[in-house]
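A quick write-up on the structure given underneath.
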Amino acid sequence: MNFYQNKTILITGASSGIGLEFANQLNEFGAKLIITARNKDKLNELAENYQGATVIPGDLSDKTFPSQLYNEIQSKGLDVDILINNAGFGSIGKLLKSDLETYESMVQVNITALTQLSHLFITDMAAKGKGGIINVASVAAFQPVPYMNVYSATKAYVKSFSLALHEEYSKKGIVVTAVCPGYTKTNFQNAAKMSSDAVGIKMLPKDVVWQSLIAHKKGKNLVINGFINKIMAHSNRFLPSFLTLAVARNLMKKA
Ligand SMILES: NC(=O)c1ccc[n+]([C@@H]2O[C@H](COP(=O)([O-])OP(=O)(O)OC[C@H]3O[C@@H](n4cnc5c(N)ncnc54)[C@H](OP(=O)(O)O)[C@@H]3O)[C@@H](O)[C@H]2O)c1
């Protein structure tokens with residue numbers, strides 16, 4: 001995909017799963033990568049295979065890190081064409097299964113850091129009159145998900161925020177795409193302490209990323225990855241919420 005060639009692309013959560021796959025595919029397309037996540041060793045190992053990649057490790061649950069990341073990118077003289085806000089995590093169980101600190105951290109990483117980075121980089125993009133943001137939401141953005149209460153709410157924010165941003169900035173040459181994967185084969189389930197194979201068919205990160213890069217290139221504001229996920233997401237518009245909540249509760253209880 002020539003569209004991504006020579007573009008400078010910042011990917012958060014590039015050490016694993018969907019973010020790692022974004023890095024692999026974009027490297028193949030000739031993009032210049034800036035990769036970030038907490039796992040510095042993994043990022044350095046990956047960067048050896050990417051031509052001229054820049055590694056800036058850090059923890060997005062630290063609210064000072066997004067601006068540090070932005071400043072470090074500026075100080076290196078790099079100009080970000082596309083920002084991929086991919087880092088995120090969830091936790092499974094009723095609200096009291098996890099402590100408040102976990103939820104605060106989840107809100108910081110999934111919502112606040114994504115908003116901070118969007119605000120910082122869109123300032124430069126608006127001045128140039130071009131740029132792009134890919135925000136990784138989830139099919140969980142389409143309805144409240146019992147047993148993934150805070151997580152699904154964070155993803156509803158990501159989808160809503162992204163669609164609004166696209167509407168505000170697309171005429172200024174900035175495409176904002178909300179990516180909504182369903183169950184995807186990554187480390188996400190481990191990190192969320194979910195029992196695997198409980199929530200149906202898993203997609204591969206390579207398919208999620210490929211579809212997302214095509215959608216972004218076409219200027220789309222939203223991509224729901226996979227046919228079944230599309231049906232699930234859209235069915236919420238036609239079915240009563242007591243039914244969709246009950247289905248989600250039963251599905252997630254197994255997880
Ligand atoms: N897999 C699914 O079923 C699924 C479905 C829908 C949406 N998603 C979304 O897809 C995105 C990527 O997740 P994934 O499935 O690829 O899971 P993953 O394999 O667990 O990857 C998560 C990435 O986020 C990074 N990350 C987590 N906490 C961080 C923090 N505090 N600071 C900086 N980076 C952090 C991790 O890196 P470090 O650990 O090195 O920091 C890792 O690179 C997430 O936003 C997730 O919500 C996943």
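Identifiers in the structure tokens: chain A, B, ... in order shown; residue index from 1 per chain; ligand index from 1 in order shown.
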
field: All residues having an atom within 8 Å of ligand 1 (only C-alpha atoms and all ligand atoms) as a count of residues only
entry: 53

task: Please provide as number ranges by chain all residues within 9 Å of Asn2 (chain A), with the sequence filter that same-chain residues fewer than 3 positions apart are discarded (counting only C-alpha atoms).
output: A: 5-6, 29-30

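The gap separating CA of Lys94 (chain A) from CA of Ala246 (chain A) is 14.7 Å, in Å to one decimal.
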
- request: Apply DSSP to the backbone of this structure and, from region 50-211 of chain A, keep only the residues in alpha helix (DSSP H); write these as a PyMOL selection string.
  value: chain A and resi 65-75+100-107+114-128+149-169+188-191+205-211

Against region 248-255 of chain A, which residues of region 102-202 of chain A fall within 6 Å? For each one I want the closest pair of atoms and the distance in Å (one decimal), counting only C-alpha atoms, rows by chain and increasing residue number, as CSV.
```
residue,atom,partner,partner_atom,distance
A:Val145,CA,A:Ala248,CA,6.0
A:Pro146,CA,A:Arg249,CA,5.2
A:Met194,CA,A:Ala255,CA,5.3
A:Ser195,CA,A:Ala255,CA,5.1
A:Ala198,CA,A:Ala255,CA,5.0
```

- request: May I ask which of the residues A:Gln211, A:Ser98, A:Ser91, A:Gln143 is the closest one to Met1 (chain A), counting only C-alpha atoms?
  value: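 For Met1 (chain A), the nearest of the candidates is A:Gln211.
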
- prompt: With distances taken over only C-alpha atoms, which of A:Tyr157, A:Leu96, A:Lys32, A:Glu104 is nearest to Lys63 (chain A)?
  reply: A:Glu104

query: What gap, in Å, lies between CA of Leu78 (chain A) and CA of Met125 (chain A)?
result: 12.8 Å

task: Would you please extract all strand (DSSP E or B) residues from region 42-197 of chain A, as assigned by DSSP on the backbone, and give them as an MDAnalysis selection string?
output: chainID A and resid 54:55 82:85 131:136 174:180 184

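Using only C-alpha atoms, the smallest distance between any of A:Ile35, A:Tyr70, A:Lys97, A:His119 and Ile56 (chain A) comes from A:Ile35.
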
- prompt: Within 10 Å of region 165-169 of chain A, counting only C-alpha atoms, which residues qualify if same-chain residues fewer than 3 places away don't, as number ranges by chain?
  reply: A: 118, 122, 125-126, 129-133, 159-162, 172-178, 219-222

Those residues with C-alpha atoms, as an mmCIF file, in the first residue's frame please?
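Output contents, as saved in selection.cif:
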```
data_model
loop_
_atom_site.group_PDB
_atom_site.id
_atom_site.type_symbol
_atom_site.label_atom_id
_atom_site.label_comp_id
_atom_site.auth_asym_id
_atom_site.auth_seq_id
_atom_site.Cartn_x
_atom_site.Cartn_y
_atom_site.Cartn_z
ATOM 1 C CA SER A 118 -4.784 13.125 19.819
ATOM 2 C CA ILE A 122 -3.760 17.026 15.837
ATOM 3 C CA MET A 125 -1.662 18.033 11.708
ATOM 4 C CA ALA A 126 -4.184 20.888 11.582
ATOM 5 C CA GLY A 129 -3.621 20.571 6.767
ATOM 6 C CA LYS A 130 -3.055 16.826 6.612
ATOM 7 C CA GLY A 131 -2.645 13.783 8.806
ATOM 8 C CA GLY A 132 -4.400 10.778 10.234
ATOM 9 C CA ILE A 133 -5.344 9.121 13.493
ATOM 10 C CA LYS A 159 -15.571 5.307 19.207
ATOM 11 C CA SER A 160 -17.635 8.384 20.038
ATOM 12 C CA PHE A 161 -14.568 10.649 20.342
ATOM 13 C CA SER A 162 -13.102 9.375 17.055
ATOM 14 C CA LYS A 172 -9.034 19.996 7.105
ATOM 15 C CA GLY A 173 -7.352 16.929 5.602
ATOM 16 C CA ILE A 174 -7.243 14.819 8.764
ATOM 17 C CA VAL A 175 -8.829 11.375 8.673
ATOM 18 C CA VAL A 176 -9.754 9.839 12.038
ATOM 19 C CA THR A 177 -10.663 6.160 11.936
ATOM 20 C CA ALA A 178 -12.153 4.200 14.828
ATOM 21 C CA GLY A 219 -10.811 7.978 4.549
ATOM 22 C CA LYS A 220 -13.372 5.960 6.527
ATOM 23 C CA ASN A 221 -14.318 7.080 10.019
ATOM 24 C CA LEU A 222 -15.169 3.577 11.276
#
```

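Taking only C-alpha atoms into account, Tyr4 (chain A) lies nearest to A:Lys217 out of the set A:Asn24, A:Tyr50, A:Lys217, A:Ile134.
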
message: Just checking: using only C-alpha atoms, which residue out of A:Tyr103, A:Ile73, A:Gln51, A:Ala127 ends up closest to Met148 (chain A)?
response: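 Closest to Met148 (chain A), using only C-alpha atoms: A:Tyr103.
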
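Residue nearest Thr64 (chain A), chosen from A:Ala113, A:Leu100, A:Ile214, A:Ile84 and counting only C-alpha atoms: A:Ala113.
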
message: So that I can check the surroundings of Lys206 (chain A), please list as a PyMOL selection string every protein, DNA and RNA residue that reaches within 9 Å of it, counting only C-alpha atoms and ignoring chain neighbours fewer than 3 positions away.
response: chain A and resi 18+21-22+25+203+209-211
